[in-house]
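Q: To be precise about what I am sending: the file is called input26.csv and holds CSV, C-alpha atoms and all ligand atoms.
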```
chain,number,residue,atom,x,y,z
A,78,MET,CA,-9.4,9.0,37.5
A,79,THR,CA,-7.4,11.3,35.2
A,80,LYS,CA,-9.1,14.1,33.4
A,81,ILE,CA,-6.4,14.1,30.8
A,82,THR,CA,-7.9,12.3,27.9
A,83,PRO,CA,-7.4,12.2,24.1
A,84,ARG,CA,-10.0,13.4,21.6
A,85,PRO,CA,-12.9,11.0,21.0
A,86,GLY,CA,-12.0,8.2,18.6
A,87,ILE,CA,-8.3,8.0,19.4
A,88,LEU,CA,-8.8,5.2,21.9
A,89,ASP,CA,-10.8,3.3,19.3
A,90,ILE,CA,-7.7,2.9,17.3
A,91,THR,CA,-6.3,-0.7,17.1
A,92,LEU,CA,-2.6,-0.5,16.7
A,93,TYR,CA,-1.3,-1.3,13.2
A,94,GLN,CA,0.3,-4.7,13.0
A,95,GLY,CA,3.4,-4.7,10.8
A,96,GLY,CA,4.5,-8.0,9.3
A,97,ALA,CA,6.6,-10.0,11.7
A,98,SER,CA,10.3,-10.1,10.8
A,99,SER,CA,11.8,-12.7,13.2
A,100,ILE,CA,11.0,-16.1,14.7
A,101,ASP,CA,12.5,-17.0,18.0
A,102,GLY,CA,15.3,-19.5,17.6
A,103,ILE,CA,15.5,-19.4,13.8
A,104,ALA,CA,18.3,-17.6,12.1
A,105,ASN,CA,17.5,-17.4,8.4
A,106,VAL,CA,13.9,-16.5,8.2
A,107,VAL,CA,12.2,-16.1,4.8
A,108,LYS,CA,10.2,-12.9,5.3
A,109,LEU,CA,7.1,-12.9,3.1
A,110,SER,CA,5.0,-10.9,5.4
A,111,SER,CA,5.3,-7.2,4.4
A,112,ASN,CA,5.1,-7.1,0.6
A,113,GLU,CA,8.7,-5.9,0.3
A,114,ASN,CA,10.8,-6.2,-2.8
A,115,PRO,CA,12.8,-9.3,-2.3
A,116,PHE,CA,15.7,-7.9,-4.4
A,117,GLY,CA,15.9,-4.6,-2.5
A,118,PRO,CA,16.4,-1.2,-4.1
A,119,SER,CA,18.4,-0.3,-7.1
A,120,ASP,CA,22.2,-0.1,-6.5
A,121,ASP,CA,22.0,3.6,-7.6
A,122,ALA,CA,19.5,4.2,-4.8
A,123,LYS,CA,21.9,2.6,-2.3
A,124,ALA,CA,24.8,4.7,-3.6
A,125,ALA,CA,22.8,7.9,-3.4
A,126,TYR,CA,21.8,7.0,0.2
A,127,LYS,CA,25.4,6.4,1.2
A,128,LYS,CA,26.6,9.7,-0.3
A,129,ILE,CA,24.2,11.6,1.9
A,130,ALA,CA,26.1,10.4,4.9
A,131,PHE,CA,28.5,13.3,4.4
A,132,GLU,CA,25.7,15.8,4.5
A,133,LEU,CA,23.8,14.7,7.6
A,134,HIS,CA,24.2,18.1,9.3
A,135,ARG,CA,22.1,19.8,6.5
A,136,TYR,CA,18.4,20.1,6.8
A,137,PRO,CA,16.5,18.3,4.0
A,138,SER,CA,14.8,20.1,1.2
A,139,SER,CA,11.4,21.3,2.3
A,140,ASP,CA,9.9,21.7,-1.2
A,141,HIS,CA,11.1,18.3,-2.5
A,142,ARG,CA,11.5,20.0,-5.8
A,143,SER,CA,14.1,17.7,-7.3
A,144,LEU,CA,12.2,14.5,-6.5
A,145,ARG,CA,8.9,16.0,-7.6
A,146,GLU,CA,10.4,16.9,-10.9
A,147,ALA,CA,11.8,13.3,-11.3
A,148,ILE,CA,8.4,11.9,-10.5
A,149,ALA,CA,6.8,14.3,-13.0
A,150,GLN,CA,9.2,13.1,-15.7
A,151,THR,CA,8.8,9.4,-14.9
A,152,PHE,CA,5.1,9.3,-14.6
A,153,GLY,CA,4.1,12.2,-16.9
A,154,VAL,CA,2.4,14.2,-14.2
A,155,ASN,CA,2.6,17.9,-13.2
A,156,ALA,CA,5.4,18.5,-10.6
A,157,ALA,CA,3.4,21.4,-9.1
A,158,ARG,CA,0.6,19.0,-8.1
A,159,VAL,CA,2.9,16.4,-6.5
A,160,ILE,CA,3.4,16.2,-2.7
A,161,CYS,CA,5.9,14.0,-1.0
A,162,GLY,CA,5.4,12.3,2.3
A,163,ALA,CA,7.0,10.0,4.9
A,164,GLY,CA,5.5,7.0,3.1
A,165,SER,CA,2.2,7.2,1.4
A,166,ASP,CA,0.9,6.6,4.9
A,167,GLU,CA,1.6,10.2,5.7
A,168,ILE,CA,-0.3,11.4,2.6
A,169,ILE,CA,-3.3,9.3,3.8
A,170,SER,CA,-3.0,10.8,7.3
A,171,LEU,CA,-2.7,14.4,5.9
A,172,LEU,CA,-5.8,13.9,3.8
A,173,CYS,CA,-7.8,12.8,6.9
A,174,GLN,CA,-6.4,15.7,9.0
A,175,ALA,CA,-7.2,18.2,6.4
A,176,TYR,CA,-10.6,17.0,5.1
A,177,ALA,CA,-12.3,14.9,7.8
A,178,GLY,CA,-13.1,15.7,11.4
A,179,PRO,CA,-15.8,15.0,14.0
A,180,GLY,CA,-19.1,14.2,12.4
A,181,ASP,CA,-17.5,13.5,9.0
A,182,GLU,CA,-17.5,10.0,7.4
A,183,VAL,CA,-14.5,8.3,5.7
A,184,ILE,CA,-15.4,5.4,3.5
A,185,HIS,CA,-13.1,2.4,3.0
A,186,THR,CA,-13.8,-1.1,1.7
A,187,GLU,CA,-14.4,-4.3,3.7
A,188,HIS,CA,-10.9,-5.7,3.2
A,189,GLY,CA,-9.3,-2.3,2.7
A,190,PHE,CA,-5.9,-1.2,4.0
A,191,ALA,CA,-5.8,-0.7,7.8
A,192,MET,CA,-4.4,2.9,7.7
A,193,TYR,CA,-7.6,4.4,6.3
A,194,ARG,CA,-9.5,3.5,9.4
A,195,ILE,CA,-6.6,4.4,11.7
A,196,SER,CA,-6.1,7.8,10.1
A,197,ALA,CA,-9.8,8.6,10.0
A,198,LEU,CA,-10.2,7.9,13.7
A,199,ALA,CA,-7.0,9.9,14.5
A,200,ALA,CA,-8.6,12.9,12.8
A,201,GLY,CA,-11.8,12.4,14.9
A,202,ALA,CA,-13.8,11.3,11.9
A,203,THR,CA,-16.0,8.2,11.6
A,204,PRO,CA,-14.8,5.3,9.4
A,205,VAL,CA,-17.5,3.6,7.4
A,206,GLU,CA,-16.8,0.1,6.1
A,207,VAL,CA,-18.4,-0.9,2.8
A,208,PRO,CA,-18.9,-4.5,1.7
A,209,GLU,CA,-16.9,-6.0,-1.2
A,210,ARG,CA,-18.2,-8.6,-3.6
A,211,GLU,CA,-16.1,-11.7,-3.3
A,212,ARG,CA,-13.0,-9.8,-2.3
A,213,VAL,CA,-13.4,-7.2,-5.1
A,214,THR,CA,-14.3,-3.5,-4.6
A,215,ASP,CA,-18.1,-3.0,-5.2
A,216,VAL,CA,-18.5,0.5,-6.6
A,217,ASP,CA,-22.3,0.4,-6.3
A,218,ALA,CA,-22.0,-0.4,-2.6
A,219,ILE,CA,-19.6,2.5,-2.1
A,220,LEU,CA,-22.0,4.9,-3.9
A,221,ALA,CA,-24.9,3.6,-1.8
A,222,ALA,CA,-22.9,4.2,1.4
A,223,CYS,CA,-22.3,7.9,0.6
A,224,THR,CA,-24.1,10.5,2.7
A,225,GLU,CA,-24.0,14.3,3.0
A,226,ARG,CA,-21.3,13.6,5.7
A,227,THR,CA,-19.0,11.6,3.4
A,228,ARG,CA,-15.7,13.6,3.0
A,229,LEU,CA,-13.2,11.0,1.8
A,230,VAL,CA,-13.4,7.6,0.0
A,231,PHE,CA,-10.3,5.4,0.1
A,232,LEU,CA,-9.9,2.8,-2.6
A,233,ALA,CA,-6.7,0.8,-2.9
A,234,ASN,CA,-6.3,-0.3,-6.5
A,235,PRO,CA,-4.8,-3.0,-6.6
A,236,ASN,CA,-6.1,-3.6,-3.0
A,237,ASN,CA,-4.0,-5.0,-0.2
A,238,PRO,CA,-4.5,-7.7,1.1
A,239,THR,CA,-6.9,-9.1,-1.6
A,240,GLY,CA,-4.6,-8.4,-4.6
A,241,THR,CA,-7.6,-7.7,-6.8
A,242,MET,CA,-8.3,-4.5,-8.7
A,243,VAL,CA,-11.2,-2.9,-10.6
A,244,GLY,CA,-10.9,-1.4,-14.0
A,245,GLU,CA,-10.4,2.3,-14.9
A,246,SER,CA,-14.0,2.7,-16.0
A,247,GLU,CA,-15.2,1.5,-12.6
A,248,VAL,CA,-13.0,3.9,-10.7
A,249,SER,CA,-14.1,6.7,-13.0
A,250,ARG,CA,-17.7,5.8,-12.4
A,251,LEU,CA,-17.1,6.0,-8.7
A,252,ALA,CA,-15.5,9.4,-9.0
A,253,ARG,CA,-18.4,10.7,-11.1
A,254,GLY,CA,-21.0,9.4,-8.7
A,255,LEU,CA,-19.6,10.8,-5.5
A,256,PRO,CA,-21.4,13.6,-3.7
A,257,ASP,CA,-19.9,17.1,-4.3
A,258,GLN,CA,-18.2,17.4,-0.9
A,259,ALA,CA,-16.4,14.0,-1.2
A,260,LEU,CA,-12.8,13.4,-2.4
A,261,LEU,CA,-11.8,10.0,-3.9
A,262,VAL,CA,-8.4,8.8,-2.9
A,263,VAL,CA,-7.0,6.1,-5.2
A,264,ASP,CA,-4.2,4.4,-3.4
A,265,GLY,CA,-1.7,3.1,-6.0
A,266,ALA,CA,0.8,1.5,-3.7
A,267,TYR,CA,1.0,-1.5,-6.1
A,268,ALA,CA,0.3,0.4,-9.3
A,269,GLU,CA,3.8,-0.2,-10.7
A,270,TYR,CA,3.2,-3.9,-10.7
A,271,VAL,CA,0.4,-3.6,-13.2
A,272,GLU,CA,1.7,-3.2,-16.8
A,273,GLY,CA,0.3,-0.2,-18.6
A,274,TYR,CA,-1.7,1.1,-15.5
A,275,ASP,CA,-1.2,4.7,-14.5
A,276,GLY,CA,-2.4,4.3,-10.9
A,277,GLY,CA,-5.2,6.8,-11.5
A,278,ALA,CA,-3.1,9.7,-12.8
A,279,ALA,CA,-5.3,10.3,-15.8
A,280,LEU,CA,-8.4,10.4,-13.6
A,281,VAL,CA,-6.7,13.0,-11.4
A,282,GLU,CA,-6.1,15.0,-14.5
A,283,ALA,CA,-9.6,14.7,-15.7
A,284,ARG,CA,-11.5,15.5,-12.5
A,285,GLU,CA,-11.4,17.8,-9.5
A,286,ASN,CA,-12.3,15.2,-6.9
A,287,VAL,CA,-9.6,12.6,-7.2
A,288,VAL,CA,-6.2,12.2,-5.4
A,289,MET,CA,-3.8,9.4,-6.1
A,290,THR,CA,-1.2,8.1,-3.6
A,291,ARG,CA,1.9,6.2,-4.5
A,292,THR,CA,4.9,4.8,-2.6
A,293,PHE,CA,8.6,3.9,-2.9
A,294,SER,CA,8.1,1.1,-0.3
A,295,LYS,CA,7.0,-1.7,-2.6
A,296,LEU,CA,8.4,-2.0,-6.2
A,297,TYR,CA,11.2,0.5,-5.5
A,298,GLY,CA,12.3,-1.4,-2.4
A,299,LEU,CA,12.7,1.6,-0.1
A,300,GLY,CA,10.3,0.8,2.8
A,301,ALA,CA,13.0,1.5,5.4
A,302,LEU,CA,13.3,5.1,4.3
A,303,ARG,CA,9.6,6.0,4.5
A,304,ILE,CA,8.9,7.9,1.3
A,305,GLY,CA,5.8,8.2,-0.8
A,306,TRP,CA,3.9,10.8,-2.8
A,307,GLY,CA,0.5,12.1,-3.7
A,308,TYR,CA,-0.9,13.7,-6.9
A,309,GLY,CA,-4.1,15.7,-6.9
A,310,PRO,CA,-5.9,18.9,-7.9
A,311,GLN,CA,-3.8,22.0,-7.1
A,312,ASP,CA,-6.1,23.3,-4.4
A,313,VAL,CA,-5.9,19.9,-2.5
A,314,ILE,CA,-2.1,19.8,-2.8
A,315,ASP,CA,-1.9,23.3,-1.5
A,316,VAL,CA,-4.1,22.4,1.5
A,317,LEU,CA,-1.9,19.3,2.3
A,318,ASN,CA,1.2,21.4,2.0
A,319,ARG,CA,-0.1,23.7,4.7
A,320,VAL,CA,-0.7,20.7,7.1
A,321,ARG,CA,2.5,18.8,6.5
A,322,GLY,CA,5.7,19.5,8.4
A,323,PRO,CA,8.2,21.4,6.4
A,324,PHE,CA,10.8,18.7,6.9
A,325,ASN,CA,8.5,15.7,6.7
A,326,VAL,CA,10.8,13.7,4.4
A,327,ASN,CA,14.5,13.2,5.1
A,328,GLN,CA,17.2,13.8,2.6
A,329,PRO,CA,18.5,10.3,2.4
A,330,ALA,CA,15.0,9.2,1.4
A,331,LEU,CA,14.7,12.0,-1.2
A,332,ALA,CA,18.0,11.2,-2.8
A,333,ALA,CA,17.5,7.4,-2.8
A,334,ALA,CA,14.0,7.7,-4.2
A,335,GLU,CA,15.2,10.0,-7.1
A,336,ALA,CA,18.0,7.6,-8.0
A,337,ALA,CA,15.6,4.6,-7.8
A,338,LEU,CA,13.2,6.3,-10.2
A,339,ARG,CA,16.0,6.9,-12.8
A,340,ASP,CA,17.1,3.2,-12.7
A,341,THR,CA,14.4,2.0,-15.0
A,342,ALA,CA,16.2,-1.2,-15.9
A,343,TRP,CA,16.1,-2.4,-12.2
A,344,THR,CA,12.4,-1.5,-12.0
A,345,GLU,CA,11.7,-3.5,-15.1
A,346,LYS,CA,13.6,-6.5,-13.8
A,347,CYS,CA,11.8,-6.5,-10.5
A,348,ARG,CA,8.4,-6.1,-12.2
A,349,ASN,CA,9.1,-8.9,-14.6
A,350,ASP,CA,10.4,-11.3,-11.9
A,351,ASN,CA,7.3,-10.5,-9.8
A,352,THR,CA,4.9,-11.3,-12.6
A,353,ARG,CA,6.6,-14.6,-13.5
A,354,LEU,CA,7.1,-15.8,-9.9
A,355,ARG,CA,3.6,-14.7,-8.9
A,356,ALA,CA,2.1,-16.9,-11.6
A,357,TRP,CA,4.3,-19.8,-10.6
A,358,LEU,CA,3.4,-19.5,-6.9
A,359,ALA,CA,-0.3,-19.2,-7.5
A,360,GLU,CA,-0.2,-22.3,-9.7
A,361,ALA,CA,1.9,-24.2,-7.2
A,362,LEU,CA,-0.5,-23.4,-4.4
A,363,ALA,CA,-3.5,-24.3,-6.5
A,364,GLU,CA,-1.9,-27.7,-7.3
A,365,HIS,CA,-1.7,-28.2,-3.5
A,366,GLY,CA,-5.4,-27.4,-3.2
A,367,VAL,CA,-5.0,-23.8,-2.0
A,368,PRO,CA,-6.8,-21.3,-4.3
A,369,SER,CA,-6.3,-17.6,-4.7
A,370,ASP,CA,-7.8,-14.7,-6.6
A,371,THR,CA,-5.8,-13.6,-9.6
A,372,SER,CA,-3.4,-11.1,-8.0
A,373,THR,CA,-2.3,-7.9,-9.7
A,374,ALA,CA,0.2,-7.0,-7.0
A,375,ASN,CA,3.4,-8.5,-5.4
A,376,PHE,CA,1.6,-10.9,-3.1
A,377,ILE,CA,-1.0,-13.7,-3.2
A,378,LEU,CA,-4.0,-14.1,-0.9
A,379,ALA,CA,-4.1,-17.9,-0.3
A,380,ARG,CA,-7.5,-19.2,0.8
A,381,PHE,CA,-7.9,-22.1,3.1
A,382,ALA,CA,-10.9,-24.2,4.1
A,383,SER,CA,-11.3,-22.5,7.5
A,384,PRO,CA,-9.6,-20.1,9.9
A,385,ALA,CA,-8.3,-23.0,11.9
A,386,GLU,CA,-6.6,-24.4,8.8
A,387,ALA,CA,-5.0,-21.1,7.9
A,388,GLU,CA,-3.7,-20.7,11.4
A,389,ALA,CA,-2.3,-24.3,11.4
A,390,CYS,CA,-0.6,-23.7,8.1
A,391,ASP,CA,0.9,-20.4,9.4
A,392,ALA,CA,2.2,-22.4,12.4
A,393,LEU,CA,3.8,-25.0,10.2
A,394,LEU,CA,5.4,-22.3,8.0
A,395,GLN,CA,6.8,-20.6,11.0
A,396,GLY,CA,8.3,-23.9,12.1
A,397,GLU,CA,10.1,-23.9,8.7
A,398,GLY,CA,11.3,-20.4,9.2
A,399,ILE,CA,8.8,-18.8,6.8
A,400,LEU,CA,6.9,-15.7,7.7
A,401,VAL,CA,3.7,-14.9,5.9
A,402,ARG,CA,0.9,-12.5,7.0
A,403,ARG,CA,-2.3,-13.5,8.9
A,404,VAL,CA,-5.1,-11.3,7.8
A,405,ALA,CA,-7.8,-12.0,10.3
A,406,GLY,CA,-7.8,-8.3,11.1
A,407,TYR,CA,-8.8,-7.7,7.5
A,408,LYS,CA,-11.9,-9.9,7.9
A,409,LEU,CA,-10.1,-12.7,6.1
A,410,PRO,CA,-9.4,-15.2,8.9
A,411,HIS,CA,-9.3,-18.2,6.5
A,412,CYS,CA,-6.6,-16.6,4.4
A,413,LEU,CA,-2.8,-16.0,4.5
A,414,ARG,CA,-1.2,-13.2,2.5
A,415,ILE,CA,2.1,-14.4,1.0
A,416,THR,CA,4.5,-11.9,-0.6
A,417,VAL,CA,6.1,-13.0,-3.8
A,418,GLY,CA,9.7,-13.4,-2.9
A,419,ASP,CA,12.7,-14.4,-4.9
A,420,GLU,CA,12.6,-17.8,-6.7
A,421,ALA,CA,14.1,-19.8,-3.8
A,422,SER,CA,11.6,-18.3,-1.3
A,423,CYS,CA,8.7,-19.0,-3.6
A,424,ARG,CA,9.8,-22.6,-3.9
A,425,ARG,CA,10.3,-22.9,-0.2
A,426,VAL,CA,6.9,-21.6,0.7
A,427,ALA,CA,5.1,-23.6,-2.0
A,428,HIS,CA,6.8,-26.8,-0.8
A,429,ALA,CA,5.9,-26.1,2.9
A,430,VAL,CA,2.3,-25.4,2.0
A,431,GLY,CA,2.2,-28.6,0.0
A,432,LYS,CA,3.6,-30.5,3.0
A,433,PHE,CA,1.0,-28.9,5.3
A,434,MET,CA,-1.9,-29.8,2.9
A,435,GLU,CA,-0.7,-33.4,2.7
A,436,GLN,CA,-0.9,-33.6,6.5
A,437,ALA,CA,-4.1,-31.6,6.9
A,438,ARG,CA,-6.4,-33.4,4.5
B,501,LIG,C1,2.1,-0.6,1.8
B,501,LIG,C2,0.9,0.2,1.5
B,501,LIG,C3,0.9,1.6,1.6
B,501,LIG,C4,1.9,2.4,2.1
B,501,LIG,O1,3.0,2.3,2.3
B,501,LIG,P1,4.1,3.4,2.8
B,501,LIG,O2,5.2,2.6,3.1
B,501,LIG,O3,3.5,4.2,3.9
B,501,LIG,O4,4.3,4.2,1.5
B,501,LIG,C5,-0.3,2.2,1.3
B,501,LIG,N1,-1.3,1.6,0.9
B,501,LIG,C6,-1.4,0.3,0.7
B,501,LIG,C7,-2.6,-0.4,0.2
B,501,LIG,C8,-0.2,-0.5,1.0
B,501,LIG,O5,-0.3,-1.8,1.0
```
Just dump the structure as structure tokens.

A:
Amino acid sequence: MTKITPRPGILDITLYQGGASSIDGIANVVKLSSNENPFGPSDDAKAAYKKIAFELHRYPSSDHRSLREAIAQTFGVNAARVICGAGSDEIISLLCQAYAGPGDEVIHTEHGFAMYRISALAAGATPVEVPERERVTDVDAILAACTERTRLVFLANPNNPTGTMVGESEVSRLARGLPDQALLVVDGAYAEYVEGYDGGAALVEARENVVMTRTFSKLYGLGALRIGWGYGPQDVIDVLNRVRGPFNVNQPALAAAEAALRDTAWTEKCRNDNTRLRAWLAEALAEHGVPSDTSTANFILARFASPAEAEACDALLQGEGILVRRVAGYKLPHCLRITVGDEASCRRVAHAVGKFMEQAR
């Protein structure tokens, strides 16, 4: 037997399952499995990306100054306390590497995003799962789970895959109640979909124990480029900058993200379409007897009567060339997560679910 083994915890990691993107034998699949923007990025972002083709021999910026300043302008934050990463996944990973190790606990919620557990285990720390209340974050349960070993608390708000969120006063109560050595990470991957919500930025300003993570993969439609950012207290950002690679973000991503930020008309259009089509889809599913919690993001968590029914519906959808996300791995085996697509996709998926429900019941 080999004596070459990884650190404890690594072999406990279950590989992250991305949303499927193809079905054998079907050419035009409707992909509603990864919460992507159905309209893609801004034309300005695509143009900026193309332009970099002539500069590919140059190393990227290592301080990301230009993008950090654009982020600061757009979101009213302090550029010096922004860090950019290869997706917000990298920020999550850097936080775990820097703040949690063997013997430390990393809290995430029952139906929380899978990368929290994966990054905690990769750092050698112990993930701790806290129950939710009917698919909504339970702040009291999180506070009750805290110990002297708690180093990080991850909260996606809105959460994926539930689509629910808790109010700013609840998040603030959580931050105030944490033990002194614990850092709260508010993951705002879907914050841009919530009108008037700052993703937790004001809480970062007000406190010394809160970090916010954001991404260009969802509303901004740049998932392929892997770019996200974090905002936190200066000392935390300084720590993360020591841990990250100097060229962790590539130049096409930096350029496209900056252009995407500046095209506010496109952002506005995508947000409005999502809000309208999300309401339409939720209602159409409900009319077919498939309920969902009110979603604040760009997807709907459709609830079925049983895991078998969810699985059968998924099979029918695949037969129709429609890909949605099974979320059994998130302890929601009776649910399917459906990304809000363009209007035609929403109609197709609603129609197919309706057809399934007629057959099933
Ligand atoms: C999609 C998602 C992310 C991160 O995406 P990146 O592409 O790595 O920026 C982070 N958190 C949640 C909850 C998500 O759903």

Q: Can I get the residues close to ligand LIG 501 (chain B) as a list in words, where close means within 7 Å and we count all atoms listed in the file?

A: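 Those residues are Ala163, Gly164, Ser165, Asp166, Glu167, Phe190, Ala233, Asn236, Asn237, Asp264, Ala266, Arg291, Thr292, Phe293, Ser294, Lys295, Gly300, Arg303, Ile304 and Gly305 of chain A.
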
Q: Could you check which of A:Gln94, A:Ser138, A:Asn318, A:Gln258 is closest to Arg228 (chain A), using all atoms listed in the file?

A: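 Result for the nearest residue to Arg228 (chain A): A:Gln258.
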
Q: So which one's closest to Arg212 (chain A), A:Arg403, A:Arg135, A:Arg380, A:Lys346? Using all atoms listed in the file, please.

A: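 Checking each candidate against Arg212 (chain A), we get A:Arg380 as the closest.
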
Q: Write out as number ranges by chain each polymer residue whose atoms come within 7 Å of Asn234 (chain A), counting only C-alpha atoms; drop sequence neighbours fewer than 2 positions from it.

A: A: 232, 236, 242-243, 263-265

Q: Got a sec: who's within 12 Å of Leu280 (chain A), counting all atoms listed in the file, leaving out chain neighbours fewer than 2 positions off, as number ranges by chain?

A: A: 154, 245-253, 261-263, 274-278, 282-289, 308-310

Q: Restricting the calculation to only C-alpha atoms: of A:Met434, A:Leu338, A:Val107, A:Ala301, which residue gets closest to Arg145 (chain A)?

A: A:Leu338

Q: Nearest to Ala356 (chain A): which of A:Trp343, A:Phe433, A:Phe376, A:Tyr407 is it, counting all atoms listed in the file?

A: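 Smallest distance to Ala356 (chain A) is found for A:Phe376.
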
Q: At a cut-off of 9 Å, using all atoms listed in the file, what residues contact Leu172 (chain A)? Leave out same-chain residues fewer than 2 positions from it and give the result as an MDAnalysis selection string.

A: chainID A and resid 167:170 174:177 196 229 262 313 316:317
